[in-house]
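Enquirer: Take a look at the following structure, please.
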Amino acid sequence: MVEETVEEFKNANLYKGVHAVALEEFYTSGHRTCQGCESALVMRDFVKASGPRTVVTGATGCMYVANTSYMTTPWIVPWMHTQLAAGGASAVGMAAGLKALMRKGKIPKEKINVINFSGDLGAGDEGLGGLSGAMQSPYDLLVIVYDNESAANTDIQASGLTTWGAQTTFSPTGSVKRIMHERWKKNLAAMMAIGHPNVKYVATSCATFPPTDYMNKVKKALSIGGPTLIHTIDPCPKGWDYHPRYSHVLGELAIKTGIFADYEIVNGEVRYTYDLRNKKRTPVREYLEKQGRFSHFEDEDYDYVQAKVDEMWDEWELPGILPIKSGLKVKK
Ligand SMILES: Cc1ncc(C[n+]2csc(CCOP(=O)(O)OP(=O)(O)O)c2C)c(N)n1
Ligand code: SF4
Ligand SMILES: [Mg+2]
């Protein structure tokens with residue numbers, strides 16, 4: 001299941017288990033995210049993994065608005081808001097600015113982690129051009145796409161990364177048409193990996209499953225250098241309509257059913273974190289029926305999604321990742 005990637009990352013100080021995780025917090029109290037918000041955990045854990053020598057830029061969205069209510073913030077590290085579509089560009093600007101200050105001797109020369117976080121709409125739709133620019137830049141930077149599968153902050157509109165069939169405020173079910181959202185999820189991480197050959201590290205992840213996987217992927221991305229990207233799947237109690245206590249359950253099911261493929265691409269080599277090739281997968285219905293956004297589903301809808309997930313893993317040239325021949329090497 002989880003593969004060790006020791007060689008390239010021997011200097012990355014990877015966590016060997018949850019007990020090794022740093023106790024110090026750099027994203028702490030003072031935020032107003034919903035109870036059970038997995039995106040908040042994505043914030044907390046990346047900065048735990050990156051440590052205090054980190055500068056963060058955050059695109060508009062829940063993780064901006066709920067984290068910077070007037071006169072309060074959970075951020076202990078320097079943090080800057082950036083426009084919704086400008087996540088990638090803000091990371092480039094920050095990295096270039098720090099480099100210039102170091103060159104001019106205005107700040108000491110040292111490694112400062114530059115991390116941008118952007119939501120699925122911000123990074124995957126509106127800011128796709130800027131994200132591409134960042135992935136082709138010469139700078140050391142990490143973009144974390146926190147994917148709660150909607151424009152959550154503006155009341156749950158569908159984005160290009162929303163699961164097929166989900167109810168959102170853009171796609172409410174009705175008596176005439178049951179399924180309003182008829183697009184398969186955009187394949188963002190793979191798109192970035194394939195389209196940007198100089199990027200040394202692209203990964204997907206879930207903040208809670210498998211344990212420490214996400215934080216270690218942050219460490220790997222920061223240690224390998226150059227532009228890097230991590231795309232997380234973030235259960236959102238409000239938008240997905242479930243009791244907040246089930247966020248972890250849903251994150252785990254997203255991976256185990258294979259609807260969200262968990263992998264990393266290191267220097268052009270694909271490594272499955274949770275390998276579902278030729279394996280029995282948890283039926284996707286177990287994941288979907290726990291969420292109110294799919295409460296309108298009938299048997300044929302569950303069957304449709306299952307068939308698409310099976311196709312991803314059984315028929316795609318790069319299972320779960322790419323529906324085309326890619327030329328990328330797959331580690332056996
Ligand atoms: C250019 C621009 N378009 C639209 C908006 C309105 N807006 C603010 S946050 C947001 C949703 C962002 O969605 P996502 O990036 O997925 O982040 P989330 O809210 O889900 O955390 C929208 C549409 C905006 N602020 N700027
Ligand atoms: S709406 Fe979703 S993403 Fe936004 S704060 Fe609430 S749980 Fe988190
Ligand atoms: Mg979103």
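We label chains A, B, ... in the order they appear in the structure tokens, count residues from 1 in each chain, and number ligands from 1 in the order shown.
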Please identify all protein, DNA and RNA residues within 6 Å of ligand 1, counting only C-alpha atoms and all ligand atoms, and report them as number ranges by chain.
Expert: A: 60-63, 84, 118-122, 148, 150-154
Enquirer: Could you write those residues out with N, CA and C atoms, as an mmCIF file, in the first residue's frame?
Expert:
```
data_model
loop_
_atom_site.group_PDB
_atom_site.id
_atom_site.type_symbol
_atom_site.label_atom_id
_atom_site.label_comp_id
_atom_site.auth_asym_id
_atom_site.auth_seq_id
_atom_site.Cartn_x
_atom_site.Cartn_y
_atom_site.Cartn_z
ATOM 1 N N THR A 60 -8.439 33.536 -2.339
ATOM 2 C CA THR A 60 -9.790 33.735 -1.809
ATOM 3 C C THR A 60 -10.534 32.404 -1.767
ATOM 4 N N GLY A 61 -11.350 32.235 -0.761
ATOM 5 C CA GLY A 61 -12.096 30.987 -0.582
ATOM 6 C C GLY A 61 -12.323 30.786 0.896
ATOM 7 N N CYS A 62 -12.887 29.639 1.269
ATOM 8 C CA CYS A 62 -13.129 29.377 2.689
ATOM 9 C C CYS A 62 -11.873 29.541 3.527
ATOM 10 N N MET A 63 -10.742 29.064 2.997
ATOM 11 C CA MET A 63 -9.526 29.066 3.811
ATOM 12 C C MET A 63 -8.919 30.458 3.933
ATOM 13 N N LEU A 84 -8.547 35.403 -6.014
ATOM 14 C CA LEU A 84 -9.001 34.020 -6.222
ATOM 15 C C LEU A 84 -8.226 33.286 -7.300
ATOM 16 N N SER A 118 -4.695 27.137 -2.716
ATOM 17 C CA SER A 118 -5.824 27.611 -3.521
ATOM 18 C C SER A 118 -6.879 26.515 -3.531
ATOM 19 N N GLY A 119 -8.147 26.900 -3.624
ATOM 20 C CA GLY A 119 -9.224 25.922 -3.655
ATOM 21 C C GLY A 119 -9.384 25.296 -5.032
ATOM 22 N N ASP A 120 -10.338 24.373 -5.135
ATOM 23 C CA ASP A 120 -10.552 23.677 -6.408
ATOM 24 C C ASP A 120 -11.027 24.648 -7.496
ATOM 25 N N LEU A 121 -11.898 25.584 -7.126
ATOM 26 C CA LEU A 121 -12.325 26.564 -8.136
ATOM 27 C C LEU A 121 -11.186 27.527 -8.445
ATOM 28 N N GLY A 122 -10.518 28.002 -7.385
ATOM 29 C CA GLY A 122 -9.438 28.966 -7.568
ATOM 30 C C GLY A 122 -8.312 28.407 -8.416
ATOM 31 N N ASN A 148 -12.386 20.862 -1.864
ATOM 32 C CA ASN A 148 -13.632 20.486 -1.189
ATOM 33 C C ASN A 148 -14.773 20.340 -2.207
ATOM 34 N N SER A 150 -16.221 22.190 -4.404
ATOM 35 C CA SER A 150 -17.213 23.231 -4.712
ATOM 36 C C SER A 150 -16.603 24.594 -4.416
ATOM 37 N N ALA A 151 -17.270 25.630 -4.877
ATOM 38 C CA ALA A 151 -16.979 26.973 -4.388
ATOM 39 C C ALA A 151 -17.711 27.065 -3.058
ATOM 40 N N ALA A 152 -17.045 26.589 -2.008
ATOM 41 C CA ALA A 152 -17.710 26.445 -0.711
ATOM 42 C C ALA A 152 -17.997 27.797 -0.080
ATOM 43 N N ASN A 153 -17.046 28.695 -0.212
ATOM 44 C CA ASN A 153 -17.165 29.974 0.469
ATOM 45 C C ASN A 153 -18.368 30.790 0.006
ATOM 46 N N THR A 154 -18.753 30.604 -1.249
ATOM 47 C CA THR A 154 -19.875 31.391 -1.773
ATOM 48 C C THR A 154 -21.165 30.576 -1.805
#
```
Enquirer: Which residues are near stretch 160-170 of chain A? Cut-off 9 Å, only C-alpha atoms, ignore same chain within fewer than 5 positions. Put them as a count of residues only.
Expert: 31
Enquirer: Which is closest to ligand 3 among A:Ser137, A:Thr33, A:Ser159, A:Thr72, if we use only C-alpha atoms and all ligand atoms?
Expert: A:Ser159
Enquirer: What separation in Å, quoted to one decimal, exists between atom CA of A:Ala86 and atom CA of A:Leu131?
Expert: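 These atoms are spaced 8.0 Å apart.
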Enquirer: Taking only C-alpha atoms into account, which of A:Glu315, A:Glu8, A:Glu298, A:Glu25 comes nearest A:Gly51?
Expert: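 Checking each of A:Glu315, A:Glu8, A:Glu298, A:Glu25 against A:Gly51, counting only C-alpha atoms, the winner is A:Glu25.
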Enquirer: My list of candidates is A:Leu128, A:Met80, A:Ile233, A:Val47. Which is closest to A:Gly93 when distances are computed with only C-alpha atoms?
Expert: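 Ranking A:Leu128, A:Met80, A:Ile233, A:Val47 by distance to A:Gly93, first place goes to A:Met80.
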Enquirer: Determine the nearest neighbour of A:Cys206 from the options A:Gly251, A:Gly58, A:Pro227, A:Pro237, counting only C-alpha atoms.
Expert: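 Looking only at the distances to A:Cys206, the closest residue turns out to be A:Gly251.
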Enquirer: As a VMD selection string, list the residues of stretch 115-292 of chain A assigned to strand (DSSP E or B) by DSSP on the backbone atoms of this structure.
Expert: chain A and resid 115 to 119 141 to 147 151 157 201 to 205 227 to 233 263 to 266 269 to 272
Enquirer: For A:Tyr70, work out the shell of residues within 12 Å, counting only C-alpha atoms and skipping chain neighbours fewer than 6 positions away, then give it as a ChimeraX atom specification.
Expert: /A:30-32,64
Enquirer: How close does stretch 204-236 of chain A get to stretch 96-114 of chain A? List, as CSV, each residue of stretch 204-236 of chain A within 12 Å, its nearest atom pair and the distance in Å to one decimal, counting only C-alpha atoms.
Expert:
```
residue,atom,partner,partner_atom,distance
A:Val218,CA,A:Asn113,CA,10.7
A:Lys219,CA,A:Asn113,CA,10.4
A:Ala221,CA,A:Asn113,CA,10.3
A:Leu222,CA,A:Asn113,CA,7.0
A:Ser223,CA,A:Asn113,CA,9.5
A:Ile224,CA,A:Asn113,CA,11.8
A:Gly225,CA,A:Asn113,CA,9.9
A:Gly226,CA,A:Val114,CA,10.7
A:Pro227,CA,A:Val114,CA,9.9
A:Thr228,CA,A:Val114,CA,10.6
A:Leu229,CA,A:Val114,CA,11.9
```
Enquirer: Contacts of A:Ala254 at 10 Å or less, counting only C-alpha atoms, minus same-chain residues fewer than 4 places along, as a PDB file with N, CA and C atoms, in the first residue's frame?
Expert:
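Output file selection_34.pdb is given in full below:
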```pdb
ATOM      1  N   CYS A 206      -4.857  12.819   0.953  1.00  0.00           N
ATOM      2  CA  CYS A 206      -5.971  13.120   1.853  1.00  0.00           C
ATOM      3  C   CYS A 206      -5.317  13.430   3.199  1.00  0.00           C
ATOM      4  N   PHE A 209      -5.792  10.223   5.667  1.00  0.00           N
ATOM      5  CA  PHE A 209      -5.590   8.823   5.295  1.00  0.00           C
ATOM      6  C   PHE A 209      -4.732   8.707   4.056  1.00  0.00           C
ATOM      7  N   ILE A 233      -7.907  15.861  -1.316  1.00  0.00           N
ATOM      8  CA  ILE A 233      -9.367  15.713  -1.334  1.00  0.00           C
ATOM      9  C   ILE A 233      -9.870  15.992   0.083  1.00  0.00           C
ATOM     10  N   ASP A 234     -10.748  16.984   0.213  1.00  0.00           N
ATOM     11  CA  ASP A 234     -11.128  17.495   1.538  1.00  0.00           C
ATOM     12  C   ASP A 234     -12.631  17.374   1.793  1.00  0.00           C
ATOM     13  N   PRO A 235     -13.061  16.347   2.511  1.00  0.00           N
ATOM     14  CA  PRO A 235     -14.468  16.288   2.887  1.00  0.00           C
ATOM     15  C   PRO A 235     -14.912  17.575   3.592  1.00  0.00           C
ATOM     16  N   HIS A 248     -13.231  12.085   8.456  1.00  0.00           N
ATOM     17  CA  HIS A 248     -12.154  11.121   8.233  1.00  0.00           C
ATOM     18  C   HIS A 248     -12.667   9.898   7.470  1.00  0.00           C
ATOM     19  N   VAL A 249     -13.862   9.433   7.872  1.00  0.00           N
ATOM     20  CA  VAL A 249     -14.450   8.245   7.216  1.00  0.00           C
ATOM     21  C   VAL A 249     -14.578   8.503   5.716  1.00  0.00           C
ATOM     22  N   LEU A 250     -15.066   9.677   5.368  1.00  0.00           N
ATOM     23  CA  LEU A 250     -15.271   9.974   3.950  1.00  0.00           C
ATOM     24  C   LEU A 250     -13.947  10.133   3.204  1.00  0.00           C
ATOM     25  N   GLY A 258     -11.409   4.364  -4.716  1.00  0.00           N
ATOM     26  CA  GLY A 258     -10.685   4.693  -5.947  1.00  0.00           C
ATOM     27  C   GLY A 258     -11.288   5.856  -6.703  1.00  0.00           C
ATOM     28  N   ILE A 259     -12.301   6.516  -6.139  1.00  0.00           N
ATOM     29  CA  ILE A 259     -12.869   7.663  -6.860  1.00  0.00           C
ATOM     30  C   ILE A 259     -11.862   8.818  -6.863  1.00  0.00           C
ATOM     31  N   PHE A 260     -10.994   8.844  -5.874  1.00  0.00           N
ATOM     32  CA  PHE A 260      -9.886   9.810  -5.846  1.00  0.00           C
ATOM     33  C   PHE A 260      -8.596   8.999  -5.754  1.00  0.00           C
ATOM     34  N   ALA A 261      -7.807   9.045  -6.802  1.00  0.00           N
ATOM     35  CA  ALA A 261      -6.575   8.245  -6.843  1.00  0.00           C
ATOM     36  C   ALA A 261      -5.488   8.919  -6.004  1.00  0.00           C
ATOM     37  N   ASP A 262      -4.815   8.115  -5.191  1.00  0.00           N
ATOM     38  CA  ASP A 262      -3.799   8.632  -4.276  1.00  0.00           C
ATOM     39  C   ASP A 262      -2.420   8.207  -4.787  1.00  0.00           C
ATOM     40  N   THR A 282     -13.365  -0.917  -2.583  1.00  0.00           N
ATOM     41  CA  THR A 282     -14.599  -0.708  -1.824  1.00  0.00           C
ATOM     42  C   THR A 282     -15.642  -0.123  -2.779  1.00  0.00           C
ATOM     43  N   VAL A 284     -18.150   2.128  -4.552  1.00  0.00           N
ATOM     44  CA  VAL A 284     -18.211   3.588  -4.445  1.00  0.00           C
ATOM     45  C   VAL A 284     -19.532   4.036  -3.799  1.00  0.00           C
ATOM     46  N   GLU A 286     -20.726   3.045  -1.086  1.00  0.00           N
ATOM     47  CA  GLU A 286     -20.502   3.237   0.355  1.00  0.00           C
ATOM     48  C   GLU A 286     -20.038   4.661   0.650  1.00  0.00           C
ATOM     49  N   TYR A 287     -19.338   5.230  -0.282  1.00  0.00           N
ATOM     50  CA  TYR A 287     -18.853   6.616  -0.141  1.00  0.00           C
ATOM     51  C   TYR A 287     -19.970   7.603  -0.461  1.00  0.00           C
ATOM     52  N   LEU A 288     -20.672   7.356  -1.550  1.00  0.00           N
ATOM     53  CA  LEU A 288     -21.666   8.325  -2.026  1.00  0.00           C
ATOM     54  C   LEU A 288     -22.879   8.405  -1.105  1.00  0.00           C
TER      55      LEU A 288
END
```
Enquirer: Calculate how many Å separate atom CA of A:Lys238 from atom CA of A:Ser50, rounding to one decimal.
Expert: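 Atom-to-atom, atom CA of A:Lys238 to atom CA of A:Ser50, that is 28.6 Å.
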Enquirer: Enter the distance from atom CA of A:Gly133 to atom CA of A:Phe117, in Å, rounded to one decimal.
Expert: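 So the answer is 15.2 Å.
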Enquirer: As a PyMOL selection string, list the residues of stretch 101-248 of chain A assigned to alpha helix (DSSP H) by DSSP on the backbone atoms of this structure.
Expert: chain A and resi 101-103+120-121+128-135+188-195+213-224+237-240+247-248
Enquirer: Those same residues - C-alpha atoms - I'd like them written as a JSON list (two decimals), in the first residue's frame.
Expert:
```json
[["chain", "number", "residue", "atom", "x", "y", "z"],
["A", 101, "LEU", "CA", 15.98, 40.54, -1.29],
["A", 102, "MET", "CA", 18.56, 37.84, -0.57],
["A", 103, "ARG", "CA", 20.60, 38.79, -3.65],
["A", 120, "ASP", "CA", -10.55, 23.68, -6.41],
["A", 121, "LEU", "CA", -12.33, 26.56, -8.14],
["A", 128, "LEU", "CA", -5.56, 27.48, -14.07],
["A", 129, "GLY", "CA", -3.40, 29.79, -16.20],
["A", 130, "GLY", "CA", -1.55, 31.20, -13.20],
["A", 131, "LEU", "CA", -1.10, 27.72, -11.79],
["A", 132, "SER", "CA", 0.43, 26.60, -15.08],
["A", 133, "GLY", "CA", 2.74, 29.63, -15.01],
["A", 134, "ALA", "CA", 3.87, 28.72, -11.49],
["A", 135, "MET", "CA", 4.51, 25.12, -12.53],
["A", 188, "LEU", "CA", -5.98, 18.49, -12.14],
["A", 189, "ALA", "CA", -2.87, 16.90, -10.65],
["A", 190, "ALA", "CA", -2.28, 14.68, -13.66],
["A", 191, "MET", "CA", -2.84, 17.65, -15.96],
["A", 192, "MET", "CA", -0.15, 19.59, -14.12],
["A", 193, "ALA", "CA", 2.28, 16.66, -14.16],
["A", 194, "ILE", "CA", 1.88, 15.87, -17.84],
["A", 195, "GLY", "CA", 1.79, 19.45, -19.03],
["A", 213, "ASP", "CA", 1.03, 10.60, 4.12],
["A", 214, "TYR", "CA", -0.02, 14.18, 3.45],
["A", 215, "MET", "CA", 2.54, 15.78, 5.76],
["A", 216, "ASN", "CA", 5.29, 13.62, 4.31],
["A", 217, "LYS", "CA", 4.27, 14.62, 0.81],
["A", 218, "VAL", "CA", 4.60, 18.27, 1.86],
["A", 219, "LYS", "CA", 8.08, 17.52, 3.16],
["A", 220, "LYS", "CA", 8.99, 15.72, -0.05],
["A", 221, "ALA", "CA", 7.73, 18.57, -2.23],
["A", 222, "LEU", "CA", 9.69, 21.15, -0.26],
["A", 223, "SER", "CA", 12.88, 19.12, -0.21],
["A", 224, "ILE", "CA", 13.00, 18.22, -3.90],
["A", 237, "PRO", "CA", -19.52, 18.76, 6.07],
["A", 238, "LYS", "CA", -21.46, 21.76, 4.84],
["A", 239, "GLY", "CA", -21.09, 21.24, 1.11],
["A", 240, "TRP", "CA", -21.19, 17.44, 1.13],
["A", 247, "SER", "CA", -14.89, 13.67, 7.68],
["A", 248, "HIS", "CA", -12.15, 11.12, 8.23]]
```
Enquirer: Env of A:Ala20: 10 Å cut, atoms = only C-alpha atoms, seq-sep filter 5 positions within chain, self excluded. Answer as a list of chain:residue names.
Expert: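 Residues meeting the cut-off are A:Leu14, A:Tyr15, A:Thr212.
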Enquirer: Okay, now the selection with N, CA and C atoms, as a PDB file, in the first residue's frame?
Expert:
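result_27.pdb written:
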```
ATOM      1  N   LEU A  14      11.328  12.749   6.898  1.00  0.00           N
ATOM      2  CA  LEU A  14       9.956  12.240   6.825  1.00  0.00           C
ATOM      3  C   LEU A  14       9.525  11.660   8.168  1.00  0.00           C
ATOM      4  N   TYR A  15       8.254  11.837   8.469  1.00  0.00           N
ATOM      5  CA  TYR A  15       7.711  11.248   9.695  1.00  0.00           C
ATOM      6  C   TYR A  15       7.590   9.741   9.518  1.00  0.00           C
ATOM      7  N   THR A 212      -0.136  10.398   8.190  1.00  0.00           N
ATOM      8  CA  THR A 212       1.127  11.120   7.909  1.00  0.00           C
ATOM      9  C   THR A 212       1.478  11.212   6.415  1.00  0.00           C
TER      10      THR A 212
END
```
Enquirer: May I ask which of the residues A:Gln136, A:Arg285, A:Tyr242, A:Val143 is the closest one to A:Tyr302, counting only C-alpha atoms?
Expert: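 Residue with the minimum atom-to-atom distance to A:Tyr302: A:Arg285.
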Enquirer: Find, counting only C-alpha atoms and all ligand atoms, the residue in A:Tyr263, A:Tyr246, A:Tyr274, A:Tyr304 that gets nearest to ligand 2.
Expert: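 Between A:Tyr263, A:Tyr246, A:Tyr274, A:Tyr304, the residue approaching ligand 2 most closely is A:Tyr246.
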